[in-house]
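Student: My structure file input-v8.pdb, PDB, C-alpha atoms, pLDDT in the B column, is below:
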```pdb
MODEL        1
ATOM      1  CA  MET A 579      36.566 -32.692 -46.448  1.00 52.00           C
ATOM      2  CA  LYS A 580      37.314 -32.027 -42.799  1.00 60.00           C
ATOM      3  CA  ARG A 581      35.757 -28.622 -43.127  1.00 61.00           C
ATOM      4  CA  CYS A 582      32.517 -30.032 -44.512  1.00 67.00           C
ATOM      5  CA  ALA A 583      32.218 -32.533 -41.646  1.00 66.00           C
ATOM      6  CA  TYR A 584      32.892 -29.764 -39.129  1.00 63.00           C
ATOM      7  CA  PHE A 585      30.073 -27.607 -40.534  1.00 63.00           C
ATOM      8  CA  ARG A 586      27.724 -30.582 -40.654  1.00 68.00           C
ATOM      9  CA  LEU A 587      28.432 -31.321 -36.982  1.00 63.00           C
ATOM     10  CA  LEU A 588      28.074 -27.648 -36.059  1.00 63.00           C
ATOM     11  CA  SER A 589      24.805 -27.321 -37.948  1.00 70.00           C
ATOM     12  CA  ALA A 590      23.427 -30.296 -36.013  1.00 70.00           C
ATOM     13  CA  LEU A 591      24.624 -29.090 -32.581  1.00 69.00           C
ATOM     14  CA  VAL A 592      23.514 -25.440 -32.810  1.00 69.00           C
ATOM     15  CA  PRO A 593      19.761 -26.174 -33.036  1.00 74.00           C
ATOM     16  CA  MET A 594      20.048 -28.674 -30.185  1.00 74.00           C
ATOM     17  CA  ALA A 595      21.912 -26.127 -28.037  1.00 71.00           C
ATOM     18  CA  VAL A 596      19.286 -23.472 -28.788  1.00 70.00           C
ATOM     19  CA  ALA A 597      16.515 -25.934 -27.908  1.00 70.00           C
ATOM     20  CA  VAL A 598      18.187 -26.813 -24.592  1.00 70.00           C
ATOM     21  CA  VAL A 599      18.611 -23.124 -23.702  1.00 70.00           C
ATOM     22  CA  LEU A 600      14.980 -22.343 -24.572  1.00 66.00           C
ATOM     23  CA  MET A 601      13.624 -25.287 -22.574  1.00 67.00           C
ATOM     24  CA  THR A 602      15.735 -24.275 -19.572  1.00 67.00           C
ATOM     25  CA  ALA A 603      14.518 -20.695 -19.858  1.00 64.00           C
ATOM     26  CA  CYS A 604      10.889 -21.811 -20.103  1.00 62.00           C
ATOM     27  CA  ALA A 605      11.272 -24.097 -17.082  1.00 59.00           C
ATOM     28  CA  THR A 606      12.882 -21.285 -15.096  1.00 59.00           C
ATOM     29  CA  THR A 607      10.104 -18.894 -16.125  1.00 64.00           C
ATOM     30  CA  ALA A 608       7.450 -21.413 -15.100  1.00 62.00           C
ATOM     31  CA  GLU A 609       9.143 -21.937 -11.718  1.00 69.00           C
ATOM     32  CA  THR A 610       9.422 -18.182 -11.227  1.00 79.00           C
ATOM     33  CA  ARG A 611       5.785 -17.709 -12.188  1.00 80.00           C
ATOM     34  CA  GLU A 612       4.706 -20.441  -9.755  1.00 84.00           C
ATOM     35  CA  ARG A 613       6.866 -18.989  -6.988  1.00 86.00           C
ATOM     36  CA  ARG A 614       5.458 -15.495  -7.617  1.00 87.00           C
ATOM     37  CA  ALA A 615       1.877 -16.815  -7.588  1.00 86.00           C
ATOM     38  CA  ALA A 616       2.515 -18.648  -4.309  1.00 88.00           C
ATOM     39  CA  GLU A 617       4.001 -15.489  -2.768  1.00 88.00           C
ATOM     40  CA  GLN A 618       1.013 -13.405  -3.929  1.00 89.00           C
ATOM     41  CA  GLN A 619      -1.341 -15.984  -2.440  1.00 90.00           C
ATOM     42  CA  ARG A 620       0.562 -15.903   0.867  1.00 91.00           C
ATOM     43  CA  ILE A 621       0.396 -12.098   1.001  1.00 90.00           C
ATOM     44  CA  ALA A 622      -3.324 -12.077   0.114  1.00 89.00           C
ATOM     45  CA  GLN A 623      -4.004 -14.574   2.914  1.00 92.00           C
ATOM     46  CA  ALA A 624      -2.008 -12.461   5.387  1.00 92.00           C
ATOM     47  CA  VAL A 625      -3.884  -9.317   4.317  1.00 92.00           C
ATOM     48  CA  GLU A 626      -7.223 -11.088   4.824  1.00 92.00           C
ATOM     49  CA  GLU A 627      -6.206 -12.206   8.330  1.00 93.00           C
ATOM     50  CA  ILE A 628      -4.910  -8.748   9.271  1.00 92.00           C
ATOM     51  CA  VAL A 629      -8.069  -6.999   8.077  1.00 92.00           C
ATOM     52  CA  ALA A 630     -10.258  -9.573   9.853  1.00 91.00           C
ATOM     53  CA  SER A 631      -8.369  -9.031  13.117  1.00 92.00           C
ATOM     54  CA  GLY A 632      -8.860  -5.255  12.898  1.00 91.00           C
ATOM     55  CA  ASP A 633      -5.293  -4.544  14.044  1.00 94.00           C
ATOM     56  CA  PHE A 634      -2.921  -3.268  11.381  1.00 95.00           C
ATOM     57  CA  THR A 635      -0.049  -0.894  10.692  1.00 96.00           C
ATOM     58  CA  VAL A 636       0.467   1.016   7.463  1.00 96.00           C
ATOM     59  CA  GLU A 637       3.757   2.668   6.534  1.00 96.00           C
ATOM     60  CA  MET A 638       3.132   5.644   4.255  1.00 96.00           C
ATOM     61  CA  ASN A 639       5.622   6.642   1.591  1.00 94.00           C
ATOM     62  CA  TYR A 640       3.727   9.049  -0.671  1.00 94.00           C
ATOM     63  CA  VAL A 641       1.394  12.008  -0.060  1.00 94.00           C
ATOM     64  CA  ASN A 642      -0.947  13.844  -2.412  1.00 92.00           C
ATOM     65  CA  PRO A 643      -2.252  17.029  -0.757  1.00 89.00           C
ATOM     66  CA  GLN A 644      -5.312  18.786  -2.142  1.00 86.00           C
ATOM     67  CA  ARG A 645      -3.591  22.099  -2.943  1.00 84.00           C
ATOM     68  CA  MET A 646       0.023  21.088  -3.482  1.00 85.00           C
ATOM     69  CA  ARG A 647       2.174  18.820  -5.579  1.00 90.00           C
ATOM     70  CA  SER A 648       2.524  15.172  -4.648  1.00 88.00           C
ATOM     71  CA  LYS A 649       5.562  14.294  -2.552  1.00 91.00           C
ATOM     72  CA  MET A 650       7.540  11.251  -1.529  1.00 92.00           C
ATOM     73  CA  LEU A 651       7.639  10.963   2.242  1.00 91.00           C
ATOM     74  CA  THR A 652      10.979  10.521   3.921  1.00 85.00           C
ATOM     75  CA  GLY A 653      10.814   9.332   7.466  1.00 81.00           C
ATOM     76  CA  GLU A 654       8.660   6.922   9.343  1.00 90.00           C
ATOM     77  CA  TYR A 655       5.136   8.151   8.682  1.00 94.00           C
ATOM     78  CA  GLY A 656       2.254   5.793   9.216  1.00 95.00           C
ATOM     79  CA  VAL A 657      -0.927   4.767  10.970  1.00 96.00           C
ATOM     80  CA  THR A 658      -1.464   1.984  13.495  1.00 96.00           C
ATOM     81  CA  VAL A 659      -4.954   0.726  14.294  1.00 96.00           C
ATOM     82  CA  LYS A 660      -5.199  -1.507  17.345  1.00 95.00           C
ATOM     83  CA  GLY A 661      -8.535  -2.451  18.822  1.00 90.00           C
ATOM     84  CA  ASP A 662     -10.578   0.703  19.300  1.00 92.00           C
ATOM     85  CA  SER A 663      -7.635   3.122  19.105  1.00 95.00           C
ATOM     86  CA  ILE A 664      -5.646   4.778  16.351  1.00 96.00           C
ATOM     87  CA  ASP A 665      -2.087   6.088  16.400  1.00 95.00           C
ATOM     88  CA  SER A 666      -1.679   8.490  13.496  1.00 94.00           C
ATOM     89  CA  TYR A 667       1.728   9.932  12.614  1.00 94.00           C
ATOM     90  CA  LEU A 668       1.117  11.718   9.312  1.00 94.00           C
ATOM     91  CA  PRO A 669       2.105  15.129   7.973  1.00 91.00           C
ATOM     92  CA  PHE A 670      -0.490  17.704   6.934  1.00 88.00           C
ATOM     93  CA  PHE A 671      -0.058  20.064   3.992  1.00 86.00           C
ATOM     94  CA  GLY A 672      -2.926  22.382   3.200  1.00 82.00           C
ATOM     95  CA  ARG A 673      -5.474  24.767   4.551  1.00 80.00           C
ATOM     96  CA  VAL A 674      -7.071  24.534   7.978  1.00 79.00           C
ATOM     97  CA  TYR A 675     -10.406  26.320   8.148  1.00 75.00           C
ATOM     98  CA  ARG A 676     -10.931  26.183  11.891  1.00 75.00           C
ATOM     99  CA  ALA A 677      -8.186  25.324  14.354  1.00 69.00           C
ATOM    100  CA  GLU A 678      -7.884  25.261  18.101  1.00 69.00           C
ATOM    101  CA  PHE A 679      -5.554  27.807  19.575  1.00 66.00           C
ATOM    102  CA  GLY A 680      -2.115  26.387  20.341  1.00 62.00           C
ATOM    103  CA  ILE A 681      -2.699  22.966  18.760  1.00 64.00           C
ATOM    104  CA  GLN A 682      -0.771  22.490  15.524  1.00 62.00           C
ATOM    105  CA  THR A 683       0.163  18.847  15.295  1.00 70.00           C
ATOM    106  CA  GLY A 684      -0.809  17.974  11.740  1.00 78.00           C
ATOM    107  CA  LEU A 685      -2.279  14.488  11.807  1.00 88.00           C
ATOM    108  CA  ARG A 686      -0.139  13.264  14.718  1.00 90.00           C
ATOM    109  CA  PHE A 687      -2.185  11.910  17.599  1.00 89.00           C
ATOM    110  CA  GLU A 688      -3.365   8.864  19.526  1.00 92.00           C
ATOM    111  CA  ASP A 689      -7.094   8.640  20.125  1.00 92.00           C
ATOM    112  CA  LYS A 690     -10.145   6.382  20.293  1.00 95.00           C
ATOM    113  CA  ILE A 691     -12.027   5.309  17.182  1.00 94.00           C
ATOM    114  CA  ALA A 692     -15.645   6.458  17.362  1.00 93.00           C
ATOM    115  CA  GLN A 693     -16.879   4.387  14.428  1.00 95.00           C
ATOM    116  CA  ARG A 694     -15.453   1.605  12.240  1.00 94.00           C
ATOM    117  CA  GLN A 695     -16.727  -0.078   9.094  1.00 94.00           C
ATOM    118  CA  VAL A 696     -14.929  -2.878   7.214  1.00 93.00           C
ATOM    119  CA  LYS A 697     -16.096  -4.400   3.953  1.00 93.00           C
ATOM    120  CA  ARG A 698     -14.779  -6.299   0.963  1.00 89.00           C
ATOM    121  CA  ALA A 699     -15.330  -3.642  -1.687  1.00 82.00           C
ATOM    122  CA  ARG A 700     -14.269  -5.712  -4.684  1.00 83.00           C
ATOM    123  CA  LYS A 701     -12.450  -8.913  -5.402  1.00 86.00           C
ATOM    124  CA  ASP A 702      -9.004  -7.389  -4.835  1.00 88.00           C
ATOM    125  CA  TYR A 703      -9.360  -4.955  -1.908  1.00 91.00           C
ATOM    126  CA  TYR A 704     -10.987  -4.099   1.412  1.00 95.00           C
ATOM    127  CA  GLU A 705     -12.378  -0.751   2.536  1.00 96.00           C
ATOM    128  CA  VAL A 706     -11.766   0.177   6.166  1.00 96.00           C
ATOM    129  CA  ASP A 707     -13.477   3.411   7.222  1.00 96.00           C
ATOM    130  CA  LEU A 708     -12.772   4.995  10.609  1.00 96.00           C
ATOM    131  CA  VAL A 709     -14.215   8.060  12.306  1.00 96.00           C
ATOM    132  CA  VAL A 710     -12.161   9.784  14.996  1.00 94.00           C
ATOM    133  CA  LYS A 711     -13.571  12.615  17.108  1.00 90.00           C
ATOM    134  CA  ARG A 712     -10.791  14.984  18.154  1.00 83.00           C
ATOM    135  CA  HIS A 713     -11.513  18.127  20.101  1.00 78.00           C
ATOM    136  CA  MET A 714     -13.446  20.331  17.636  1.00 79.00           C
ATOM    137  CA  GLU A 715     -13.264  18.134  14.530  1.00 85.00           C
ATOM    138  CA  HIS A 716     -14.232  14.784  13.118  1.00 89.00           C
ATOM    139  CA  LEU A 717     -11.541  13.009  11.093  1.00 92.00           C
ATOM    140  CA  PHE A 718     -12.544  10.386   8.536  1.00 97.00           C
ATOM    141  CA  TYR A 719      -9.831   7.860   7.675  1.00 97.00           C
ATOM    142  CA  SER A 720     -10.714   5.757   4.632  1.00 97.00           C
ATOM    143  CA  PHE A 721      -8.247   2.925   3.879  1.00 97.00           C
ATOM    144  CA  ASP A 722      -8.274   0.851   0.695  1.00 97.00           C
ATOM    145  CA  ILE A 723      -6.200  -2.231   1.531  1.00 96.00           C
ATOM    146  CA  TYR A 724      -5.316  -4.304  -1.534  1.00 95.00           C
ATOM    147  CA  ASP A 725      -4.563  -8.015  -1.597  1.00 93.00           C
ATOM    148  CA  ASN A 726      -0.950  -7.298  -2.634  1.00 93.00           C
ATOM    149  CA  GLY A 727      -0.342  -5.313   0.597  1.00 93.00           C
ATOM    150  CA  LYS A 728      -0.556  -1.855  -0.985  1.00 96.00           C
ATOM    151  CA  VAL A 729      -2.696   0.734   0.799  1.00 97.00           C
ATOM    152  CA  THR A 730      -4.245   4.047  -0.175  1.00 96.00           C
ATOM    153  CA  LEU A 731      -5.605   6.339   2.522  1.00 97.00           C
ATOM    154  CA  MET A 732      -7.853   9.365   2.301  1.00 97.00           C
ATOM    155  CA  VAL A 733      -8.043  11.599   5.372  1.00 95.00           C
ATOM    156  CA  ARG A 734     -10.987  13.981   5.334  1.00 94.00           C
ATOM    157  CA  SER A 735     -12.155  16.544   7.857  1.00 89.00           C
ATOM    158  CA  ASP A 736     -14.765  19.283   8.060  1.00 85.00           C
ATOM    159  CA  ASN A 737     -12.031  21.709   9.153  1.00 85.00           C
ATOM    160  CA  ARG A 738      -9.120  20.823   6.810  1.00 87.00           C
ATOM    161  CA  ASP A 739      -8.230  20.089   3.226  1.00 90.00           C
ATOM    162  CA  THR A 740      -8.436  16.446   2.192  1.00 92.00           C
ATOM    163  CA  MET A 741      -5.159  14.494   2.093  1.00 94.00           C
ATOM    164  CA  HIS A 742      -4.379  11.304   0.171  1.00 96.00           C
ATOM    165  CA  PHE A 743      -1.560   8.930   1.139  1.00 96.00           C
ATOM    166  CA  SER A 744      -0.242   5.681  -0.227  1.00 96.00           C
ATOM    167  CA  GLY A 745       1.981   3.075   1.347  1.00 96.00           C
ATOM    168  CA  ASP A 746       2.325  -0.529   2.385  1.00 95.00           C
ATOM    169  CA  LEU A 747       0.586  -2.718   4.933  1.00 95.00           C
ATOM    170  CA  VAL A 748       3.049  -4.181   7.406  1.00 93.00           C
ATOM    171  CA  VAL A 749       2.825  -7.933   6.800  1.00 85.00           C
ATOM    172  CA  GLU A 750       5.091 -10.108   8.927  1.00 74.00           C
TER
ENDMDL
END
```
Go ahead and render the structure in this file as structure tokens.

Tutor:
Amino acid sequence: MKRCAYFRLLSALVPMAVAVVLMTACATTAETRERRAAEQQRIAQAVEEIVASGDFTVEMNYVNPQRMRSKMLTGEYGVTVKGDSIDSYLPFFGRVYRAEFGIQTGLRFEDKIAQRQVKRARKDYYEVDLVVKRHMEHLFYSFDIYDNGKVTLMVRSDNRDTMHFSGDLVVE
């Protein structure tokens, strides 16, 4: 008799316990989803403001050279654009077709930006294109800055192989 009552009580409590656990999990998931959406909205707003100001810093963590295997970057590689100047600290892997004697700095320089174009390419990213005239070459920096803070960069030159980088926009 006692055993039967125990099983009856247990069979009534188990479904209620499962229901409570599921409702708690759903509420936690909804809160997490709302928190994540709010964070994504905050980052997208910050990205929009940074791109509109024209001053930004990108920390690169991955490189895809034209003639070599892709590599993770270790170190503090990146690009800073401030006003009409660019500070590029990027490695270069590949072929140089025409180089100045004694200058072998990869893509490490500070210089003026000759031309800049910014546009909202699609709903989720901006294109920022820069032209830098350095000594005997023109460097074309093409940034795709996504609303989530991720950045891809293509560096093209008439005198070098094309390089592709990816990294993160510095959002404070």

Student: I'd like to know which of A:Asp746, A:Asp725, A:Glu688, A:Asp739 is closest to Arg712 of chain A, using all atoms listed in the file.

Tutor: A:Glu688

Student: Pick out the closest residue to Asp689 of chain A from this set: A:Arg738, A:Val674, A:Thr658, A:Tyr704. Count only C-alpha atoms.

Tutor: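 Smallest separation from Asp689 of chain A among the options: A:Thr658.
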
Student: Quick check on the file I pasted: which residues fall under the PyMOL selection byres ((chain A and resi 740) around 10)? Write them as a PDB file with C-alpha atoms, in the coordinates of the input.

Tutor:
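File written: selection-v3.pdb
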```
ATOM      1  CA  ASN A 642      -0.947  13.844  -2.412  1.00 92.00           C
ATOM      2  CA  PRO A 643      -2.252  17.029  -0.757  1.00 89.00           C
ATOM      3  CA  GLN A 644      -5.312  18.786  -2.142  1.00 86.00           C
ATOM      4  CA  ARG A 645      -3.591  22.099  -2.943  1.00 84.00           C
ATOM      5  CA  PHE A 670      -0.490  17.704   6.934  1.00 88.00           C
ATOM      6  CA  PHE A 671      -0.058  20.064   3.992  1.00 86.00           C
ATOM      7  CA  GLY A 672      -2.926  22.382   3.200  1.00 82.00           C
ATOM      8  CA  ARG A 673      -5.474  24.767   4.551  1.00 80.00           C
ATOM      9  CA  PHE A 718     -12.544  10.386   8.536  1.00 97.00           C
ATOM     10  CA  MET A 732      -7.853   9.365   2.301  1.00 97.00           C
ATOM     11  CA  VAL A 733      -8.043  11.599   5.372  1.00 95.00           C
ATOM     12  CA  ARG A 734     -10.987  13.981   5.334  1.00 94.00           C
ATOM     13  CA  SER A 735     -12.155  16.544   7.857  1.00 89.00           C
ATOM     14  CA  ASP A 736     -14.765  19.283   8.060  1.00 85.00           C
ATOM     15  CA  ASN A 737     -12.031  21.709   9.153  1.00 85.00           C
ATOM     16  CA  ARG A 738      -9.120  20.823   6.810  1.00 87.00           C
ATOM     17  CA  ASP A 739      -8.230  20.089   3.226  1.00 90.00           C
ATOM     18  CA  MET A 741      -5.159  14.494   2.093  1.00 94.00           C
ATOM     19  CA  HIS A 742      -4.379  11.304   0.171  1.00 96.00           C
TER      20      HIS A 742
END
```

Student: For the provided coordinates, the residues matched by the PyMOL selection byres ((chain A and resi 709) around 10) should be stated as a ChimeraX atom specification.

Tutor: /A:690-695,707-708,710-712,716-720,733-735

Student: Keeping only C-alpha atoms, write the selected residues as a PDB file, keeping the file's coordinate frame.

Tutor:
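again_21.pdb, freshly written:
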```
ATOM      1  CA  LYS A 690     -10.145   6.382  20.293  1.00 95.00           C
ATOM      2  CA  ILE A 691     -12.027   5.309  17.182  1.00 94.00           C
ATOM      3  CA  ALA A 692     -15.645   6.458  17.362  1.00 93.00           C
ATOM      4  CA  GLN A 693     -16.879   4.387  14.428  1.00 95.00           C
ATOM      5  CA  ARG A 694     -15.453   1.605  12.240  1.00 94.00           C
ATOM      6  CA  GLN A 695     -16.727  -0.078   9.094  1.00 94.00           C
ATOM      7  CA  ASP A 707     -13.477   3.411   7.222  1.00 96.00           C
ATOM      8  CA  LEU A 708     -12.772   4.995  10.609  1.00 96.00           C
ATOM      9  CA  VAL A 710     -12.161   9.784  14.996  1.00 94.00           C
ATOM     10  CA  LYS A 711     -13.571  12.615  17.108  1.00 90.00           C
ATOM     11  CA  ARG A 712     -10.791  14.984  18.154  1.00 83.00           C
ATOM     12  CA  HIS A 716     -14.232  14.784  13.118  1.00 89.00           C
ATOM     13  CA  LEU A 717     -11.541  13.009  11.093  1.00 92.00           C
ATOM     14  CA  PHE A 718     -12.544  10.386   8.536  1.00 97.00           C
ATOM     15  CA  TYR A 719      -9.831   7.860   7.675  1.00 97.00           C
ATOM     16  CA  SER A 720     -10.714   5.757   4.632  1.00 97.00           C
ATOM     17  CA  VAL A 733      -8.043  11.599   5.372  1.00 95.00           C
ATOM     18  CA  ARG A 734     -10.987  13.981   5.334  1.00 94.00           C
ATOM     19  CA  SER A 735     -12.155  16.544   7.857  1.00 89.00           C
TER      20      SER A 735
END
```

Student: Between atom CA of Met638 of chain A and atom CA of Phe743 of chain A, what distance in Å does the model show, to one decimal?

Tutor: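 Computing it gives 6.5 Å between the two atoms.
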
Student: Counting only C-alpha atoms, which residue out of A:His713, A:Tyr724, A:Ala590, A:Thr683 sits closest to Arg700 of chain A?

Tutor: A:Tyr724

Student: Report, as lines of an AutoDock Vina configuration file, the centre and edge lengths in Å (one decimal) of the axis-aligned box enclosing every listed atom of segment 723-739 of chain A, padded by 5 Å on each side.

Tutor:
```
center_x = -7.6
center_y = 6.8
center_z = 3.3
size_x = 24.4
size_y = 39.7
size_z = 21.8
```

Student: Have a look at A:Ile664, A:Leu731, A:Val749, A:Val706 and name the one nearest to Asn639 of chain A; count all atoms listed in the file.

Tutor: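 Ranking A:Ile664, A:Leu731, A:Val749, A:Val706 by distance to Asn639 of chain A, first place goes to A:Leu731.
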
Student: Work out how far apart atom CA of Ala595 of chain A and atom CA of Arg613 of chain A are and give it in Å to one decimal.

Tutor: 26.8 Å

Student: Since the input is missing atoms, can you rebuild N, CA and C atoms for segment 737-749 of chain A and write them as a PDB file, in the coordinates of the input?

Tutor:
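The file below, selection_34.pdb, is the result:
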```pdb
ATOM      1  N   ASN A 737     -12.813  20.511   8.861  1.00 85.00           N
ATOM      2  CA  ASN A 737     -12.031  21.709   9.153  1.00 85.00           C
ATOM      3  C   ASN A 737     -10.720  21.803   8.375  1.00 85.00           C
ATOM      4  N   ARG A 738     -10.407  20.846   7.517  1.00 87.00           N
ATOM      5  CA  ARG A 738      -9.120  20.823   6.810  1.00 87.00           C
ATOM      6  C   ARG A 738      -9.320  20.394   5.366  1.00 87.00           C
ATOM      7  N   ASP A 739      -8.269  20.639   4.572  1.00 90.00           N
ATOM      8  CA  ASP A 739      -8.230  20.089   3.226  1.00 90.00           C
ATOM      9  C   ASP A 739      -8.083  18.572   3.303  1.00 90.00           C
ATOM     10  N   THR A 740      -8.563  17.897   2.273  1.00 92.00           N
ATOM     11  CA  THR A 740      -8.436  16.446   2.192  1.00 92.00           C
ATOM     12  C   THR A 740      -7.015  16.066   1.804  1.00 92.00           C
ATOM     13  N   MET A 741      -6.512  15.007   2.390  1.00 94.00           N
ATOM     14  CA  MET A 741      -5.159  14.494   2.093  1.00 94.00           C
ATOM     15  C   MET A 741      -5.288  13.046   1.609  1.00 94.00           C
ATOM     16  N   HIS A 742      -4.443  12.682   0.649  1.00 96.00           N
ATOM     17  CA  HIS A 742      -4.379  11.304   0.171  1.00 96.00           C
ATOM     18  C   HIS A 742      -2.960  10.793   0.394  1.00 96.00           C
ATOM     19  N   PHE A 743      -2.850   9.573   0.873  1.00 96.00           N
ATOM     20  CA  PHE A 743      -1.560   8.930   1.139  1.00 96.00           C
ATOM     21  C   PHE A 743      -1.547   7.572   0.468  1.00 96.00           C
ATOM     22  N   SER A 744      -0.363   7.064   0.210  1.00 96.00           N
ATOM     23  CA  SER A 744      -0.242   5.681  -0.227  1.00 96.00           C
ATOM     24  C   SER A 744       0.979   5.065   0.454  1.00 96.00           C
ATOM     25  N   GLY A 745       0.903   3.761   0.655  1.00 96.00           N
ATOM     26  CA  GLY A 745       1.981   3.075   1.347  1.00 96.00           C
ATOM     27  C   GLY A 745       1.764   1.582   1.328  1.00 96.00           C
ATOM     28  N   ASP A 746       2.350   0.923   2.323  1.00 95.00           N
ATOM     29  CA  ASP A 746       2.325  -0.529   2.385  1.00 95.00           C
ATOM     30  C   ASP A 746       1.822  -1.007   3.741  1.00 95.00           C
ATOM     31  N   LEU A 747       1.019  -2.058   3.713  1.00 95.00           N
ATOM     32  CA  LEU A 747       0.586  -2.718   4.933  1.00 95.00           C
ATOM     33  C   LEU A 747       1.761  -3.504   5.490  1.00 95.00           C
ATOM     34  N   VAL A 748       1.963  -3.427   6.793  1.00 93.00           N
ATOM     35  CA  VAL A 748       3.049  -4.181   7.406  1.00 93.00           C
ATOM     36  C   VAL A 748       2.566  -5.613   7.566  1.00 93.00           C
ATOM     37  N   VAL A 749       3.172  -6.514   6.776  1.00 85.00           N
ATOM     38  CA  VAL A 749       2.825  -7.933   6.800  1.00 85.00           C
ATOM     39  C   VAL A 749       4.068  -8.673   7.279  1.00 85.00           C
TER      40      VAL A 749
END
```
